[in-house]
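This report refers to the structure that appears directly beneath it.
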Amino acid sequence: MTAQNTKKTGEPALVRLPRHIAIIMDGNGRWAKRRGLPRTAGHAAGSETFRRVATHCKNLGLDYLTVYAFSTENWKRPPEEVHAIMGLLDRYLHEAIEKMERDGIRLRILGDVELLPERLRRLIRETDEISTHISGFQANVCINYGGRDEIVRAAQRYAERLAADPGAGALTEETFSGLLDSSGIPDPELIIRTGGEMRLSNFLLWQAAYAELYFTDTLWPDFGEKDIAEALEAYARRDRRFGGI
Ligand code: FPP
């Protein structure tokens with residue numbers, strides 16, 4: 001934990017705070033079902049949870065939060081559910097354009113945005129533009145994102161670079177990282193999955209190489225400050241050796 005981190009929060013000092021946490025926001029559908037509500041109500045509640053969690057992470061002094069909002073596989077869901085999630089993302093970006101400068105939250109969208117509705121792409125371009133004027137905390141929202149798809153697109157970029165300039169240089173882990181959607185963002189030290197499942201589901205496959213994984217049964221709409229504190233405490237207790245001893 002850096003001195004900067006400790007200053008930003010009045011809470012008990014954690015031994016070690018990650019710079020970047022990433023979250024698989026799972027359990028919206030079950031949360032809604034338990035209340036006799038449509039699944040889309042779970043996503044609406046989940047979108048509010050994201051707003052609260054992002055603000056809390058910023059206040060704690062983290063530098064980055066990355067969330068999995070819509071995967072390359074999520075297109076298989078019923079059209080009305082896909083439509084509802086796209087609508088929530090649209091609304092979120094629309095509101096972010098108004099508020100991100102005031103709130104000091106930079107936004108970046110990761111994923112293959114080419115396949116998203118034009119309106120959403122326009123909002124993404126606008127948030128990108130505003131983000132260039134903001135420094136500090138950054139929220140990354142993965143939309144139409146898949147870890148394998150991201151790696152394949154990065155490989156295609158490298159092939160294009162090489163075709164244009166055969167002397168472009170050898171491919172290293174570092175240059176490859178720079179071709180991913182997450183270029184310039186440090187790898188997450190902690191990946192949290194809510195909703196009780198214990199898998200990565202194609203999330204940040206390259207970036208997860210050394211991440212600590214934390215799973216909780218809490219359903220995403222119920223995930224709050226206490227759950228974040230528990231995950232950060234578990235992280236602080238872990239012994240990270242990166243292959244050393
Ligand atoms: C997983 O829960 C959740 C999703 C696939 C969608 C996540 C989307 C949001 C939280 C809303 C928009 C986000 C932002 C950033 C504004 P699930 O539906 O798989 O839940 P289940 O496993 O209980 O069915």
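Naming scheme: A, B, ... for chains in displayed order of the structure tokens; residues 1 onward per chain; ligands 1 onward as shown.
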
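Here the residues within segment 39-237 of chain A that DSSP labels strand (DSSP E or B) on the basis of the backbone are Tyr64, Leu65, Thr66, Val67, Tyr68, Ala69, Phe70, Ser71, Arg106, Leu107, Arg108, Ile109, Leu110, Gln138, Ala139, Asn140, Val141, Cys142, Ile143, Asn144, Tyr145, Leu190, Ile191, Ile192, Arg193, Glu212, Leu213, Tyr214 and Phe215 of chain A.
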
Atoms kept (N, CA and C atoms) for selection, written as a CSV table (one decimal), in the first residue's frame:
chain,number,residue,atom,x,y,z
A,64,TYR,N,-7.4,1.5,-10.8
A,64,TYR,CA,-8.2,0.9,-11.9
A,64,TYR,C,-9.2,-0.1,-11.3
A,65,LEU,N,-10.4,0.0,-11.9
A,65,LEU,CA,-11.4,-1.1,-11.7
A,65,LEU,C,-11.8,-1.5,-13.1
A,66,THR,N,-11.8,-2.8,-13.4
A,66,THR,CA,-12.2,-3.3,-14.7
A,66,THR,C,-13.4,-4.3,-14.4
A,67,VAL,N,-14.5,-4.1,-15.1
A,67,VAL,CA,-15.7,-5.0,-15.0
A,67,VAL,C,-16.1,-5.6,-16.3
A,68,TYR,N,-16.6,-6.8,-16.1
A,68,TYR,CA,-17.1,-7.6,-17.3
A,68,TYR,C,-18.6,-7.4,-17.5
A,69,ALA,N,-18.9,-6.5,-18.4
A,69,ALA,CA,-20.4,-6.1,-18.5
A,69,ALA,C,-21.1,-6.9,-19.5
A,70,PHE,N,-20.4,-7.3,-20.6
A,70,PHE,CA,-21.0,-8.0,-21.7
A,70,PHE,C,-20.0,-8.8,-22.5
A,71,SER,N,-20.1,-10.1,-22.5
A,71,SER,CA,-19.1,-10.9,-23.1
A,71,SER,C,-19.4,-11.2,-24.5
A,106,ARG,N,-12.2,8.5,-15.0
A,106,ARG,CA,-11.9,8.2,-16.4
A,106,ARG,C,-12.6,6.9,-16.8
A,107,LEU,N,-13.1,6.8,-18.1
A,107,LEU,CA,-13.7,5.6,-18.5
A,107,LEU,C,-13.0,5.1,-19.7
A,108,ARG,N,-12.9,3.8,-19.8
A,108,ARG,CA,-12.3,3.2,-21.0
A,108,ARG,C,-13.1,1.9,-21.3
A,109,ILE,N,-13.5,1.7,-22.6
A,109,ILE,CA,-14.2,0.5,-22.9
A,109,ILE,C,-13.3,-0.5,-23.6
A,110,LEU,N,-13.3,-1.7,-23.1
A,110,LEU,CA,-12.4,-2.8,-23.7
A,110,LEU,C,-13.3,-3.7,-24.4
A,138,GLN,N,-9.4,5.2,-13.0
A,138,GLN,CA,-10.0,4.8,-14.3
A,138,GLN,C,-10.9,3.5,-14.2
A,139,ALA,N,-12.1,3.6,-14.7
A,139,ALA,CA,-13.0,2.4,-14.7
A,139,ALA,C,-13.0,1.9,-16.2
A,140,ASN,N,-12.7,0.6,-16.3
A,140,ASN,CA,-12.7,0.0,-17.6
A,140,ASN,C,-13.9,-0.9,-17.7
A,141,VAL,N,-14.7,-0.7,-18.7
A,141,VAL,CA,-15.9,-1.5,-18.8
A,141,VAL,C,-15.8,-2.4,-20.1
A,142,CYS,N,-15.8,-3.7,-19.8
A,142,CYS,CA,-15.6,-4.7,-21.0
A,142,CYS,C,-17.0,-5.0,-21.6
A,143,ILE,N,-17.1,-4.6,-22.9
A,143,ILE,CA,-18.3,-4.8,-23.6
A,143,ILE,C,-18.0,-5.5,-24.9
A,144,ASN,N,-18.8,-6.5,-25.2
A,144,ASN,CA,-18.5,-7.4,-26.4
A,144,ASN,C,-17.0,-7.8,-26.2
A,145,TYR,N,-16.7,-8.3,-25.0
A,145,TYR,CA,-15.3,-8.6,-24.7
A,145,TYR,C,-15.2,-10.1,-24.5
A,190,LEU,N,-5.9,-8.4,-8.5
A,190,LEU,CA,-7.0,-9.1,-7.9
A,190,LEU,C,-8.1,-9.2,-8.8
A,191,ILE,N,-8.6,-10.4,-9.0
A,191,ILE,CA,-9.8,-10.6,-9.8
A,191,ILE,C,-10.9,-11.2,-8.9
A,192,ILE,N,-12.0,-10.6,-8.8
A,192,ILE,CA,-13.2,-11.0,-8.0
A,192,ILE,C,-14.3,-11.5,-8.9
A,193,ARG,N,-14.9,-12.7,-8.5
A,193,ARG,CA,-16.1,-13.1,-9.2
A,193,ARG,C,-17.2,-13.3,-8.1
A,212,GLU,N,-4.4,-12.6,-8.2
A,212,GLU,CA,-5.0,-13.4,-7.2
A,212,GLU,C,-6.5,-13.5,-7.5
A,213,LEU,N,-7.1,-14.7,-7.3
A,213,LEU,CA,-8.5,-14.9,-7.6
A,213,LEU,C,-9.3,-15.0,-6.3
A,214,TYR,N,-10.4,-14.3,-6.3
A,214,TYR,CA,-11.3,-14.3,-5.1
A,214,TYR,C,-12.7,-14.5,-5.5
A,215,PHE,N,-13.3,-15.5,-5.0
A,215,PHE,CA,-14.7,-15.9,-5.3
A,215,PHE,C,-15.6,-15.7,-4.1

> segment 80-235 of chain A: which residues are alpha helix (DSSP H) by DSSP, as a PyMOL selection string?
Replying inline: chain A and resi 80-103+118-131+147-164+173-177+225-235

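Considering the residues A:Thr132, A:Thr172, A:Ser182, A:Thr194 and counting only C-alpha atoms and all ligand atoms, ligand 1 has its shortest atom-to-atom contact with A:Thr194.
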
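Compared by their closest atoms to ligand 1, and using only C-alpha atoms and all ligand atoms, the residues A:Thr218, A:Ser183, A:Ser177, A:Thr127 rank with A:Thr218 nearest.
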
>> I'd like the neighbourhood of Arg52 of chain A as a VMD selection string, where a residue qualifies if any of its atoms comes within 10 Å (using only C-alpha atoms), though same-chain residues fewer than 6 positions away should be ignored.
In response: chain A and resid 46 223 to 225

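Separating atom CA of Glu233 of chain A from atom CA of Asp26 of chain A is a distance of 20.9 Å.
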